[in-house]
file query02.txt (compact mmCIF, C-alpha atoms)
# COMPACT_ATOMS: atom_id res chain seq x y z
CA MET A 6 -56.76 -29.21 -9.71
CA GLY A 7 -56.82 -28.40 -13.42
CA THR A 8 -53.97 -27.27 -15.63
CA ARG A 9 -53.41 -23.67 -16.68
CA ASP A 10 -54.98 -22.58 -20.00
CA GLN A 11 -51.90 -21.88 -22.13
CA ARG A 12 -53.70 -19.39 -24.39
CA ILE A 13 -54.52 -17.13 -21.45
CA ASN A 14 -51.05 -17.66 -20.01
CA ASN A 15 -49.54 -16.34 -23.26
CA ARG A 16 -51.60 -13.16 -23.48
CA GLY A 17 -52.37 -12.57 -19.79
CA ARG A 18 -56.07 -11.63 -19.96
CA VAL A 19 -59.39 -13.41 -20.44
CA ARG A 20 -61.02 -12.11 -23.64
CA VAL A 21 -64.78 -11.54 -23.56
CA GLY A 22 -67.41 -11.22 -26.28
CA VAL A 23 -71.03 -10.19 -25.73
CA ILE A 24 -74.13 -11.39 -27.56
CA GLY A 25 -77.38 -9.58 -26.81
CA ILE A 26 -77.90 -6.46 -24.72
CA GLU A 27 -81.49 -6.62 -23.48
CA HIS A 28 -81.04 -6.08 -19.73
CA LEU A 29 -78.97 -3.92 -17.42
CA HIS A 30 -77.65 -7.09 -15.76
CA LEU A 31 -75.15 -7.19 -18.64
CA PHE A 32 -73.46 -4.04 -17.36
CA GLU A 33 -73.16 -5.52 -13.88
CA MET A 34 -71.62 -8.71 -15.28
CA ILE A 35 -69.14 -6.93 -17.52
CA ASP A 36 -68.22 -4.42 -14.81
CA GLY A 37 -67.37 -7.26 -12.44
CA LEU A 38 -65.31 -9.15 -15.01
CA VAL A 39 -63.36 -6.10 -16.19
CA ALA A 40 -62.63 -5.10 -12.58
CA VAL A 41 -60.66 -8.33 -12.09
CA GLY A 42 -58.77 -8.20 -15.37
CA ALA A 43 -61.00 -9.38 -18.24
CA GLU A 44 -60.82 -7.64 -21.61
CA THR A 45 -63.95 -6.79 -23.61
CA VAL A 46 -63.31 -7.47 -27.28
CA CYS A 47 -66.55 -7.43 -29.27
CA HIS A 48 -70.35 -7.41 -29.06
CA ALA A 49 -73.27 -8.38 -31.28
CA THR A 50 -76.76 -7.05 -30.63
CA ASP A 51 -79.78 -5.36 -32.15
CA ASP A 52 -80.07 -1.57 -32.18
CA GLY A 53 -81.44 0.02 -29.03
CA PRO A 54 -80.69 2.40 -26.16
CA LEU A 55 -78.77 -0.24 -24.19
CA THR A 56 -76.65 -1.00 -27.26
CA ASP A 57 -75.68 2.65 -27.56
CA LEU A 58 -75.02 2.83 -23.83
CA TYR A 59 -72.79 -0.24 -23.93
CA GLY A 60 -70.86 0.93 -26.99
CA GLY A 61 -70.15 4.27 -25.36
CA TRP A 62 -69.09 2.62 -22.12
CA ARG A 63 -66.92 -0.15 -23.60
CA SER A 64 -65.15 1.72 -26.39
CA ASP A 65 -62.67 -1.16 -26.60
CA SER A 66 -65.46 -3.51 -27.76
CA GLU A 67 -66.05 -3.71 -31.52
CA ARG A 68 -69.61 -4.22 -32.75
CA GLN A 69 -69.78 -7.32 -34.95
CA THR A 70 -72.28 -9.87 -36.23
CA VAL A 71 -73.27 -12.85 -34.12
CA GLU A 72 -71.37 -15.15 -36.49
CA GLU A 73 -68.22 -13.05 -36.22
CA VAL A 74 -68.32 -13.17 -32.43
CA LEU A 75 -68.95 -16.93 -32.37
CA ASP A 76 -66.18 -17.57 -34.90
CA ASP A 77 -63.56 -15.57 -32.96
CA THR A 78 -61.32 -18.31 -31.60
CA SER A 79 -59.41 -15.81 -29.46
CA LEU A 80 -62.41 -15.34 -27.17
CA ASP A 81 -62.47 -17.26 -23.89
CA LEU A 82 -65.91 -16.25 -22.63
CA ILE A 83 -69.20 -15.25 -24.24
CA VAL A 84 -71.59 -13.22 -22.08
CA LEU A 85 -75.26 -13.53 -23.06
CA ALA A 86 -77.99 -11.02 -22.23
CA GLY A 87 -80.34 -11.17 -25.21
CA VAL A 88 -84.08 -11.96 -25.20
CA PRO A 89 -84.46 -14.77 -22.63
CA ALA A 90 -85.98 -17.29 -25.03
CA GLU A 91 -82.93 -16.86 -27.28
CA ARG A 92 -80.33 -17.40 -24.56
CA GLY A 93 -80.63 -21.20 -24.46
CA PRO A 94 -80.12 -21.76 -28.20
CA MET A 95 -77.32 -19.16 -28.25
CA THR A 96 -75.60 -20.91 -25.33
CA ILE A 97 -75.57 -24.14 -27.33
CA ARG A 98 -74.04 -22.35 -30.33
CA ALA A 99 -71.40 -20.65 -28.18
CA LEU A 100 -70.42 -23.89 -26.41
CA THR A 101 -70.13 -25.80 -29.68
CA HIS A 102 -67.90 -23.01 -31.02
CA GLY A 103 -65.54 -23.67 -28.11
CA HIS A 104 -66.40 -20.79 -25.78
CA HIS A 105 -67.23 -20.73 -22.10
CA VAL A 106 -70.57 -18.99 -21.44
CA LEU A 107 -71.90 -16.69 -18.73
CA ALA A 108 -75.61 -15.93 -19.18
CA ALA A 109 -77.92 -13.48 -17.50
CA LYS A 110 -80.90 -15.10 -15.86
CA PRO A 111 -83.18 -16.54 -17.05
CA ALA A 112 -80.50 -18.39 -18.96
CA VAL A 113 -82.86 -20.93 -20.53
CA THR A 114 -86.63 -21.03 -20.99
CA SER A 115 -87.36 -24.66 -21.89
CA LEU A 116 -86.44 -28.05 -20.49
CA ALA A 117 -85.49 -29.25 -23.99
CA ASP A 118 -82.95 -26.44 -24.31
CA LEU A 119 -81.63 -27.20 -20.83
CA ASP A 120 -80.99 -30.83 -21.78
CA ALA A 121 -79.25 -29.72 -24.98
CA ILE A 122 -77.06 -27.25 -23.07
CA GLY A 123 -75.99 -29.94 -20.62
CA GLN A 124 -74.98 -32.22 -23.48
CA ALA A 125 -73.20 -29.43 -25.37
CA ALA A 126 -71.18 -28.50 -22.29
CA ILE A 127 -70.02 -32.09 -21.89
CA GLU A 128 -69.16 -32.56 -25.56
CA SER A 129 -67.34 -29.21 -25.87
CA ALA A 130 -65.53 -29.48 -22.51
CA ARG A 131 -66.62 -25.88 -21.90
CA ARG A 132 -68.50 -24.38 -18.96
CA TRP A 133 -71.86 -22.67 -18.73
CA TRP A 134 -72.63 -20.38 -15.79
CA VAL A 135 -75.62 -18.24 -14.85
CA PHE A 136 -75.30 -14.83 -13.20
CA TYR A 137 -77.55 -15.06 -10.12
CA SER A 138 -77.05 -11.48 -8.99
CA GLU A 139 -79.35 -11.66 -5.95
CA ARG A 140 -76.88 -14.06 -4.32
CA LEU A 141 -73.55 -13.29 -6.00
CA THR A 142 -73.60 -9.51 -5.50
CA ASN A 143 -75.36 -9.17 -2.15
CA ARG A 144 -73.12 -9.37 0.90
CA ALA A 145 -75.96 -10.23 3.27
CA VAL A 146 -77.01 -13.23 1.19
CA ILE A 147 -73.39 -14.37 0.80
CA GLU A 148 -72.85 -14.19 4.56
CA CYS A 149 -76.18 -15.90 5.22
CA VAL A 150 -75.18 -18.83 3.01
CA HIS A 151 -71.80 -19.05 4.73
CA ARG A 152 -73.36 -19.15 8.20
CA VAL A 153 -75.89 -21.80 7.23
CA GLN A 154 -73.18 -23.95 5.66
CA SER A 155 -71.00 -23.60 8.78
CA GLY A 156 -73.83 -24.89 10.98
CA GLU A 157 -74.34 -21.67 12.95
CA ILE A 158 -78.13 -22.21 13.15
CA GLY A 159 -77.98 -25.99 13.37
CA GLU A 160 -79.46 -28.21 10.69
CA LEU A 161 -81.33 -26.40 7.94
CA VAL A 162 -85.11 -26.94 8.17
CA ALA A 163 -86.92 -24.39 6.01
CA ILE A 164 -86.38 -21.49 3.61
CA THR A 165 -88.89 -18.77 2.76
CA GLY A 166 -88.19 -16.23 0.05
CA LEU A 167 -90.10 -13.14 -1.03
CA ALA A 168 -89.03 -11.19 -4.10
CA PRO A 169 -91.39 -8.34 -4.94
CA HIS A 170 -90.26 -6.16 -7.85
CA THR A 171 -91.43 -2.79 -9.13
CA LEU A 172 -92.86 -3.23 -12.63
CA ALA A 173 -92.02 0.18 -14.16
CA ALA A 174 -93.92 -0.94 -17.27
CA ASP A 175 -92.91 2.01 -19.42
CA THR A 176 -89.24 0.96 -19.15
CA ARG A 177 -89.80 -2.67 -20.16
CA PRO A 178 -89.26 -3.99 -23.71
CA GLU A 179 -92.14 -5.60 -25.60
CA TRP A 180 -90.84 -9.15 -25.12
CA PHE A 181 -90.97 -8.75 -21.33
CA PHE A 182 -94.77 -9.06 -21.33
CA ASP A 183 -94.82 -12.23 -23.48
CA PRO A 184 -94.19 -15.41 -21.43
CA THR A 185 -93.17 -17.32 -24.56
CA ARG A 186 -90.20 -14.94 -24.89
CA SER A 187 -89.53 -14.07 -21.23
CA GLY A 188 -90.00 -17.60 -19.92
CA GLY A 189 -92.69 -16.62 -17.40
CA ILE A 190 -92.35 -15.12 -13.94
CA LEU A 191 -91.08 -18.26 -12.19
CA VAL A 192 -88.41 -18.96 -14.81
CA ASP A 193 -87.38 -15.31 -14.67
CA LEU A 194 -87.58 -14.12 -11.06
CA ALA A 195 -87.75 -17.42 -9.12
CA ALA A 196 -84.53 -18.52 -10.82
CA HIS A 197 -82.83 -16.64 -7.97
CA GLN A 198 -84.78 -18.54 -5.32
CA ALA A 199 -83.89 -21.90 -6.88
CA ASP A 200 -80.23 -20.89 -6.88
CA GLN A 201 -80.39 -19.80 -3.24
CA LEU A 202 -82.08 -23.05 -2.17
CA LEU A 203 -79.25 -25.10 -3.67
CA ALA A 204 -76.55 -22.81 -2.25
CA LEU A 205 -78.09 -23.14 1.22
CA ALA A 206 -79.15 -26.79 1.21
CA GLY A 207 -76.42 -28.30 -0.96
CA PRO A 208 -76.72 -31.26 -3.32
CA GLY A 209 -79.88 -33.32 -3.40
CA THR A 210 -83.13 -33.82 -5.27
CA THR A 211 -85.81 -31.14 -5.40
CA GLU A 212 -89.52 -31.83 -5.86
CA VAL A 213 -91.86 -29.08 -7.00
CA VAL A 214 -94.77 -29.69 -4.63
CA ALA A 215 -96.94 -26.85 -5.94
CA SER A 216 -96.68 -23.72 -8.07
CA ALA A 217 -98.97 -21.08 -9.50
CA VAL A 218 -98.87 -17.90 -11.58
CA ALA A 219 -101.41 -15.16 -12.22
CA ASN A 220 -102.05 -11.71 -13.60
CA ALA A 221 -103.37 -9.95 -10.51
CA ALA A 222 -103.10 -6.27 -11.38
CA HIS A 223 -102.20 -5.68 -15.03
CA PRO A 224 -105.14 -6.49 -17.36
CA ALA A 225 -103.65 -4.18 -19.99
CA TYR A 226 -101.05 -6.90 -20.62
CA PRO A 227 -103.01 -10.12 -21.33
CA GLY A 228 -100.94 -13.22 -20.70
CA PHE A 229 -98.44 -11.35 -18.53
CA GLN A 230 -97.70 -12.94 -15.16
CA ASP A 231 -97.23 -10.44 -12.33
CA VAL A 232 -97.29 -12.90 -9.43
CA GLY A 233 -95.97 -16.43 -8.96
CA ARG A 234 -95.31 -18.87 -6.14
CA MET A 235 -93.62 -22.23 -5.73
CA SER A 236 -93.35 -24.73 -2.89
CA LEU A 237 -90.35 -27.07 -2.98
CA ARG A 238 -89.19 -30.14 -1.07
CA HIS A 239 -85.43 -30.68 -1.15
CA THR A 240 -83.99 -33.99 0.05
CA SER A 241 -80.27 -34.32 0.70
CA PRO A 242 -78.33 -37.53 -0.02
CA SER A 243 -78.55 -38.32 3.72
CA GLY A 244 -82.34 -38.04 3.64
CA ARG A 245 -82.70 -34.68 5.43
CA VAL A 246 -85.63 -32.66 4.06
CA VAL A 247 -85.64 -28.89 3.61
CA TRP A 248 -88.94 -27.15 2.82
CA SER A 249 -88.63 -24.10 0.60
CA ASP A 250 -91.50 -21.70 -0.19
CA HIS A 251 -91.22 -18.62 -2.39
CA ARG A 252 -93.35 -15.84 -3.84
CA VAL A 253 -92.21 -13.45 -6.56
CA ASP A 254 -94.19 -10.58 -8.04
CA TYR A 255 -94.21 -7.27 -9.90
CA LEU A 256 -96.43 -5.59 -7.33
CA SER A 257 -93.87 -3.64 -5.29
CA PRO A 258 -95.16 -0.07 -4.72
CA ALA A 259 -93.26 2.70 -6.47
CA GLY A 260 -92.94 4.62 -3.20
CA LEU A 261 -90.57 2.04 -1.71
CA GLY A 262 -87.51 3.85 -3.05
CA THR A 263 -85.80 0.78 -4.55
CA TRP A 264 -86.70 -1.94 -7.06
CA GLY A 265 -88.06 -4.35 -4.44
CA ASP A 266 -88.06 -5.39 -0.79
CA VAL A 267 -86.41 -8.79 -1.31
CA ARG A 268 -86.39 -11.02 1.77
CA LEU A 269 -84.96 -14.41 2.69
CA SER A 270 -85.91 -16.17 5.91
CA ILE A 271 -83.99 -19.25 7.10
CA THR A 272 -85.03 -21.61 9.88
CA GLY A 273 -82.54 -23.99 11.46
CA THR A 274 -82.80 -26.36 14.38
CA THR A 275 -81.02 -23.90 16.72
CA GLY A 276 -81.56 -20.46 15.18
CA THR A 277 -82.87 -18.30 12.37
CA LEU A 278 -81.42 -15.90 9.82
CA GLU A 279 -83.25 -13.17 7.92
CA VAL A 280 -81.93 -11.20 4.96
CA ARG A 281 -83.41 -7.88 3.83
CA SER A 282 -81.46 -7.59 0.61
CA ASN A 283 -82.31 -4.09 -0.60
CA ILE A 284 -83.99 -2.12 2.18
CA ASP A 285 -85.10 -2.15 5.81
CA PRO A 286 -88.20 0.05 5.37
CA VAL A 287 -88.57 1.22 8.99
CA GLY A 288 -85.17 0.24 10.36
CA GLN A 289 -81.60 1.01 9.48
CA PRO A 290 -80.74 2.82 6.23
CA GLY A 291 -78.97 1.21 3.30
CA SER A 292 -79.11 -2.35 1.99
CA GLU A 293 -77.66 -5.82 2.69
CA HIS A 294 -79.21 -6.33 6.14
CA LEU A 295 -78.69 -9.67 7.95
CA ILE A 296 -80.36 -10.55 11.27
CA LEU A 297 -79.36 -13.58 13.34
CA VAL A 298 -81.42 -15.04 16.19
CA ASP A 299 -80.11 -17.90 18.34
CA ASP A 300 -80.35 -19.14 21.93
CA THR A 301 -78.39 -16.18 23.28
CA SER A 302 -79.71 -13.10 21.47
CA ALA A 303 -81.16 -11.40 18.39
CA ARG A 304 -78.60 -9.25 16.57
CA ARG A 305 -77.63 -7.65 13.30
CA VAL A 306 -74.63 -9.06 11.48
CA ASP A 307 -72.21 -6.57 9.91
CA THR A 308 -71.67 -7.61 6.29
CA THR A 309 -69.65 -4.62 5.07
CA ASN A 310 -66.40 -6.59 4.91
CA VAL A 311 -67.82 -9.57 3.01
CA THR A 312 -65.94 -10.00 -0.27
CA LEU A 313 -67.75 -10.01 -3.61
CA ASP A 314 -65.46 -12.43 -5.44
CA TRP A 315 -67.69 -14.08 -8.05
CA ALA A 316 -65.85 -12.59 -11.04
CA HIS A 317 -62.42 -13.44 -9.63
CA ARG A 318 -63.45 -17.06 -9.12
CA LEU A 319 -65.01 -17.32 -12.58
CA LEU A 320 -61.89 -16.01 -14.33
CA ALA A 321 -59.70 -18.27 -12.21
CA ASP A 322 -61.79 -21.28 -13.26
CA ILE A 323 -61.36 -20.35 -16.92
CA GLU A 324 -57.64 -19.76 -16.56
CA HIS A 325 -56.80 -22.75 -14.36
CA ARG A 326 -59.61 -25.11 -15.40
CA THR A 327 -60.78 -25.37 -11.82
CA ASP A 328 -64.31 -25.42 -10.38
CA THR A 329 -64.56 -22.84 -7.59
CA PHE A 330 -67.29 -20.50 -8.87
CA MET A 331 -70.43 -22.54 -9.54
CA SER A 332 -70.61 -26.25 -10.34
CA HIS A 333 -72.12 -27.55 -13.54
CA ASP A 334 -74.68 -29.57 -11.57
CA HIS A 335 -75.70 -26.51 -9.54
CA VAL A 336 -76.47 -24.51 -12.68
CA LEU A 337 -78.40 -27.35 -14.30
CA ASP A 338 -80.39 -28.11 -11.15
CA ALA A 339 -81.26 -24.46 -10.42
CA CYS A 340 -82.58 -23.96 -13.96
CA ASP A 341 -84.43 -27.29 -13.83
CA ILE A 342 -86.26 -26.32 -10.63
CA ALA A 343 -87.52 -23.01 -12.02
CA LEU A 344 -88.49 -24.56 -15.36
CA ARG A 345 -90.45 -27.39 -13.74
CA ALA A 346 -92.20 -24.97 -11.37
CA GLN A 347 -93.19 -22.77 -14.32
CA GLN A 348 -94.37 -25.76 -16.34
CA LEU A 349 -96.56 -27.02 -13.49
CA ALA A 350 -98.02 -23.56 -12.94
CA ASP A 351 -98.76 -23.05 -16.64
CA GLN A 352 -100.58 -26.40 -16.76
CA SER A 353 -102.76 -25.64 -13.72
call {"tool": "encode", "arguments": {"input": "query02.txt", "output": "structure tokens"}}
result
Amino acid sequence: MGTRDQRINNRGRVRVGVIGIEHLHLFEMIDGLVAVGAETVCHATDDGPLTDLYGGWRSDSERQTVEEVLDDTSLDLIVLAGVPAERGPMTIRALTHGHHVLAAKPAVTSLADLDAIGQAAIESARRWWVFYSERLTNRAVIECVHRVQSGEIGELVAITGLAPHTLAADTRPEWFFDPTRSGGILVDLAAHQADQLLALAGPGTTEVVASAVANAAHPAYPGFQDVGRMSLRHTSPSGRVVWSDHRVDYLSPAGLGTWGDVRLSITGTTGTLEVRSNIDPVGQPGSEHLILVDDTSARRVDTTNVTLDWAHRLLADIEHRTDTFMSHDHVLDACDIALRAQQLADQS
């Protein structure tokens, strides 16, 4: 158990600064943090529609330069949502300035930056977290992880993930179509699948068995990757192997009615779990569907009362110097998996 941060104890609220507003995930992160008591203080970003939207929404946040935000010693947490390729270097700067960091995914786009972030976090005694929204804000995924960890379907054997997304090209910024700035489709989208593998399987070593990327349907954007896959082998400290196969893409039809039919299928030694995160196309309405099959029956699991507590745990870790939200090793390992899968695919 850590000791209470005296600065926060004196003023009562965690103070937050923002650097970069290039994705709507920022609004989800800030909304969650403010809802549990954080205070938005300042933001630094380029001009753009999201900048105007954020400034109008968070009127208590003063627009400043990047240097002014980094130099503000009253800030406890920096939230990053700039161009993906800039998030790694900015994380290093924020950590060395003495701030904790919460980054939108993809939080880092190179293995060299990942190594530097890990070292900076150790030297600064500050934490770096990544906002994996597909797990942290979806009740069905949260409950699925809980039931796997509790042994409800026996020993974990295999994980299959599908994450189709709607491209909506006319809404995307220019950098989105450049893998050198976006990180590539596996670094971007499959970051969620790497996070979910580690949340489900726990600590261990993960081998990237195979990976591939392609431009299947968008020749107007040369170099853009609209489909990617990775096959992983995760070995726990006890030697148990979990196979994990995932496909991500930007091929989801516009007629679906949501941004993607994201699915997670779990096989255990005594049962299975399936998550339909966003939609059940020909089944029940709404989102956050969880289906459990075991020796007795096949049934839907009600997830409406599952608590979304990521922001509460993050602020508590800052205030009390605890480690309840997301371990340092988990963040490093999840990023490492996606980066190595992307690197292997790019070299193929």
call {"tool": "atom_distance", "arguments": {"input": "query02.txt", "atom1": "atom CA of Val46 of chain A", "atom2": "atom CA of Cys340 of chain A"}}
result
28.6 Å
call {"tool": "residues_around", "arguments": {"input": "query02.txt", "residues": "segment 252-266 of chain A", "least_positions_apart": "5", "cutoff": "12 Å", "atoms": "all atoms listed in the file", "output": "PDB file with C-alpha atoms, keeping the file's coordinate frame"}}
result
ATOM      1  CA  GLU A 139     -79.350 -11.660  -5.950  1.00  0.00           C
ATOM      2  CA  ILE A 164     -86.380 -21.490   3.610  1.00  0.00           C
ATOM      3  CA  THR A 165     -88.890 -18.770   2.760  1.00  0.00           C
ATOM      4  CA  GLY A 166     -88.190 -16.230   0.050  1.00  0.00           C
ATOM      5  CA  LEU A 167     -90.100 -13.140  -1.030  1.00  0.00           C
ATOM      6  CA  ALA A 168     -89.030 -11.190  -4.100  1.00  0.00           C
ATOM      7  CA  PRO A 169     -91.390  -8.340  -4.940  1.00  0.00           C
ATOM      8  CA  HIS A 170     -90.260  -6.160  -7.850  1.00  0.00           C
ATOM      9  CA  THR A 171     -91.430  -2.790  -9.130  1.00  0.00           C
ATOM     10  CA  LEU A 172     -92.860  -3.230 -12.630  1.00  0.00           C
ATOM     11  CA  ALA A 173     -92.020   0.180 -14.160  1.00  0.00           C
ATOM     12  CA  ALA A 174     -93.920  -0.940 -17.270  1.00  0.00           C
ATOM     13  CA  PHE A 181     -90.970  -8.750 -21.330  1.00  0.00           C
ATOM     14  CA  PHE A 182     -94.770  -9.060 -21.330  1.00  0.00           C
ATOM     15  CA  GLY A 189     -92.690 -16.620 -17.400  1.00  0.00           C
ATOM     16  CA  ILE A 190     -92.350 -15.120 -13.940  1.00  0.00           C
ATOM     17  CA  LEU A 191     -91.080 -18.260 -12.190  1.00  0.00           C
ATOM     18  CA  VAL A 192     -88.410 -18.960 -14.810  1.00  0.00           C
ATOM     19  CA  ASP A 193     -87.380 -15.310 -14.670  1.00  0.00           C
ATOM     20  CA  LEU A 194     -87.580 -14.120 -11.060  1.00  0.00           C
ATOM     21  CA  ALA A 195     -87.750 -17.420  -9.120  1.00  0.00           C
ATOM     22  CA  ALA A 196     -84.530 -18.520 -10.820  1.00  0.00           C
ATOM     23  CA  HIS A 197     -82.830 -16.640  -7.970  1.00  0.00           C
ATOM     24  CA  GLN A 198     -84.780 -18.540  -5.320  1.00  0.00           C
ATOM     25  CA  ALA A 199     -83.890 -21.900  -6.880  1.00  0.00           C
ATOM     26  CA  ALA A 215     -96.940 -26.850  -5.940  1.00  0.00           C
ATOM     27  CA  SER A 216     -96.680 -23.720  -8.070  1.00  0.00           C
ATOM     28  CA  ALA A 217     -98.970 -21.080  -9.500  1.00  0.00           C
ATOM     29  CA  VAL A 218     -98.870 -17.900 -11.580  1.00  0.00           C
ATOM     30  CA  ALA A 219    -101.410 -15.160 -12.220  1.00  0.00           C
ATOM     31  CA  ASN A 220    -102.050 -11.710 -13.600  1.00  0.00           C
ATOM     32  CA  ALA A 221    -103.370  -9.950 -10.510  1.00  0.00           C
ATOM     33  CA  ALA A 222    -103.100  -6.270 -11.380  1.00  0.00           C
ATOM     34  CA  HIS A 223    -102.200  -5.680 -15.030  1.00  0.00           C
ATOM     35  CA  PHE A 229     -98.440 -11.350 -18.530  1.00  0.00           C
ATOM     36  CA  GLN A 230     -97.700 -12.940 -15.160  1.00  0.00           C
ATOM     37  CA  ASP A 231     -97.230 -10.440 -12.330  1.00  0.00           C
ATOM     38  CA  VAL A 232     -97.290 -12.900  -9.430  1.00  0.00           C
ATOM     39  CA  GLY A 233     -95.970 -16.430  -8.960  1.00  0.00           C
ATOM     40  CA  ARG A 234     -95.310 -18.870  -6.140  1.00  0.00           C
ATOM     41  CA  MET A 235     -93.620 -22.230  -5.730  1.00  0.00           C
ATOM     42  CA  SER A 236     -93.350 -24.730  -2.890  1.00  0.00           C
ATOM     43  CA  LEU A 237     -90.350 -27.070  -2.980  1.00  0.00           C
ATOM     44  CA  VAL A 280     -81.930 -11.200   4.960  1.00  0.00           C
ATOM     45  CA  ARG A 281     -83.410  -7.880   3.830  1.00  0.00           C
ATOM     46  CA  SER A 282     -81.460  -7.590   0.610  1.00  0.00           C
ATOM     47  CA  ASN A 283     -82.310  -4.090  -0.600  1.00  0.00           C
ATOM     48  CA  ILE A 284     -83.990  -2.120   2.180  1.00  0.00           C
ATOM     49  CA  ASP A 285     -85.100  -2.150   5.810  1.00  0.00           C
ATOM     50  CA  PRO A 286     -88.200   0.050   5.370  1.00  0.00           C
ATOM     51  CA  VAL A 287     -88.570   1.220   8.990  1.00  0.00           C
ATOM     52  CA  PRO A 290     -80.740   2.820   6.230  1.00  0.00           C
ATOM     53  CA  GLY A 291     -78.970   1.210   3.300  1.00  0.00           C
ATOM     54  CA  SER A 292     -79.110  -2.350   1.990  1.00  0.00           C
ATOM     55  CA  GLU A 293     -77.660  -5.820   2.690  1.00  0.00           C
ATOM     56  CA  HIS A 294     -79.210  -6.330   6.140  1.00  0.00           C
ATOM     57  CA  ALA A 343     -87.520 -23.010 -12.020  1.00  0.00           C
ATOM     58  CA  ALA A 346     -92.200 -24.970 -11.370  1.00  0.00           C
TER      59      ALA A 346
END
call {"tool": "closest_atom_pairs", "arguments": {"input": "query02.txt", "of": "segment 95-208 of chain A", "to": "segment 78-89 of chain A", "cutoff": "7 Å", "atoms": "only C-alpha atoms", "output": "Markdown table"}}
result
| residue | atom | partner | partner_atom | distance |
| --- | --- | --- | --- | --- |
| A:His104 | CA | A:Leu82 | CA | 5.5 |
| A:His105 | CA | A:Leu82 | CA | 4.7 |
| A:Val106 | CA | A:Ile83 | CA | 4.9 |
| A:Leu107 | CA | A:Val84 | CA | 4.8 |
| A:Ala108 | CA | A:Leu85 | CA | 4.6 |
| A:Ala109 | CA | A:Ala86 | CA | 5.3 |
| A:Pro111 | CA | A:Pro89 | CA | 6.0 |
| A:Ala112 | CA | A:Pro89 | CA | 6.5 |
| A:Val113 | CA | A:Pro89 | CA | 6.7 |
| A:Thr114 | CA | A:Pro89 | CA | 6.8 |
| A:Arg186 | CA | A:Pro89 | CA | 6.2 |
| A:Ser187 | CA | A:Pro89 | CA | 5.3 |
| A:Gly188 | CA | A:Pro89 | CA | 6.8 |
call {"tool": "write_last_selection", "arguments": {"input": "query02.txt", "atoms": "C-alpha atoms", "output": "short mmCIF file (atom, residue, chain, number, x, y, z; two decimals), in the coordinates of the input"}}
result
data_model
loop_
_atom_site.label_atom_id
_atom_site.label_comp_id
_atom_site.auth_asym_id
_atom_site.auth_seq_id
_atom_site.Cartn_x
_atom_site.Cartn_y
_atom_site.Cartn_z
CA HIS A 104 -66.40 -20.79 -25.78
CA HIS A 105 -67.23 -20.73 -22.10
CA VAL A 106 -70.57 -18.99 -21.44
CA LEU A 107 -71.90 -16.69 -18.73
CA ALA A 108 -75.61 -15.93 -19.18
CA ALA A 109 -77.92 -13.48 -17.50
CA PRO A 111 -83.18 -16.54 -17.05
CA ALA A 112 -80.50 -18.39 -18.96
CA VAL A 113 -82.86 -20.93 -20.53
CA THR A 114 -86.63 -21.03 -20.99
CA ARG A 186 -90.20 -14.94 -24.89
CA SER A 187 -89.53 -14.07 -21.23
CA GLY A 188 -90.00 -17.60 -19.92
#
call {"tool": "closest_residue", "arguments": {"input": "query02.txt", "among": "A:Pro54, A:Asp76, A:Thr210, A:Thr275", "to": "Glu160 of chain A", "atoms": "all atoms listed in the file"}}
result
A:Thr275
call {"tool": "closest_atom_pairs", "arguments": {"input": "query02.txt", "of": "segment 40-102 of chain A", "to": "segment 124-138 of chain A", "cutoff": "7 Å", "atoms": "all atoms listed in the file", "output": "Markdown table"}}
result
| residue | atom | partner | partner_atom | distance |
| --- | --- | --- | --- | --- |
| A:Ile97 | CA | A:Ala125 | CA | 6.1 |
| A:Leu100 | CA | A:Ser129 | CA | 6.2 |
| A:Thr101 | CA | A:Ser129 | CA | 5.8 |
call {"tool": "write_last_selection", "arguments": {"input": "query02.txt", "atoms": "C-alpha atoms", "output": "PDB file, in the frame of the given file"}}
result
ATOM      1  CA  ILE A  97     -75.570 -24.140 -27.330  1.00  0.00           C
ATOM      2  CA  LEU A 100     -70.420 -23.890 -26.410  1.00  0.00           C
ATOM      3  CA  THR A 101     -70.130 -25.800 -29.680  1.00  0.00           C
TER       4      THR A 101
END
call {"tool": "closest_residue", "arguments": {"input": "query02.txt", "among": "A:Glu148, A:Leu31, A:Arg20, A:Thr211", "to": "Thr45 of chain A", "atoms": "only C-alpha atoms"}}
result
A:Arg20
call {"tool": "closest_residue", "arguments": {"input": "query02.txt", "among": "A:Ile24, A:Leu55, A:Glu44, A:Ile35", "to": "Glu72 of chain A", "atoms": "only C-alpha atoms"}}
result
A:Ile24
call {"tool": "closest_residue", "arguments": {"input": "query02.txt", "among": "A:Leu58, A:Ala40, A:Val146, A:Ala350", "to": "Asp200 of chain A", "atoms": "all atoms listed in the file"}}
result
A:Val146
call {"tool": "closest_residue", "arguments": {"input": "query02.txt", "among": "A:Leu161, A:Gly42, A:Asp334, A:Ser353", "to": "Trp248 of chain A", "atoms": "only C-alpha atoms"}}
result
A:Leu161
call {"tool": "atom_distance", "arguments": {"input": "query02.txt", "atom1": "atom CA of Asp300 of chain A", "atom2": "atom CA of Leu278 of chain A"}}
result
12.6 Å
call {"tool": "atom_distance", "arguments": {"input": "query02.txt", "atom1": "atom CA of Gly228 of chain A", "atom2": "atom CA of Pro184 of chain A"}}
result
7.1 Å
call {"tool": "closest_residue", "arguments": {"input": "query02.txt", "among": "A:His48, A:Arg177, A:Arg140, A:His30", "to": "Gln69 of chain A", "atoms": "only C-alpha atoms"}}
result
A:His48
call {"tool": "residues_around", "arguments": {"input": "query02.txt", "residues": "Thr70 of chain A", "least_positions_apart": "6", "cutoff": "12 Å", "atoms": "all atoms listed in the file", "output": "short mmCIF file (atom, residue, chain, number, x, y, z; two decimals) with C-alpha atoms, keeping the file's coordinate frame"}}
result
data_model
loop_
_atom_site.label_atom_id
_atom_site.label_comp_id
_atom_site.auth_asym_id
_atom_site.auth_seq_id
_atom_site.Cartn_x
_atom_site.Cartn_y
_atom_site.Cartn_z
CA GLY A 22 -67.41 -11.22 -26.28
CA VAL A 23 -71.03 -10.19 -25.73
CA ILE A 24 -74.13 -11.39 -27.56
CA GLY A 25 -77.38 -9.58 -26.81
CA CYS A 47 -66.55 -7.43 -29.27
CA HIS A 48 -70.35 -7.41 -29.06
CA ALA A 49 -73.27 -8.38 -31.28
CA THR A 50 -76.76 -7.05 -30.63
CA ASP A 51 -79.78 -5.36 -32.15
CA ASP A 76 -66.18 -17.57 -34.90
CA ASP A 77 -63.56 -15.57 -32.96
#
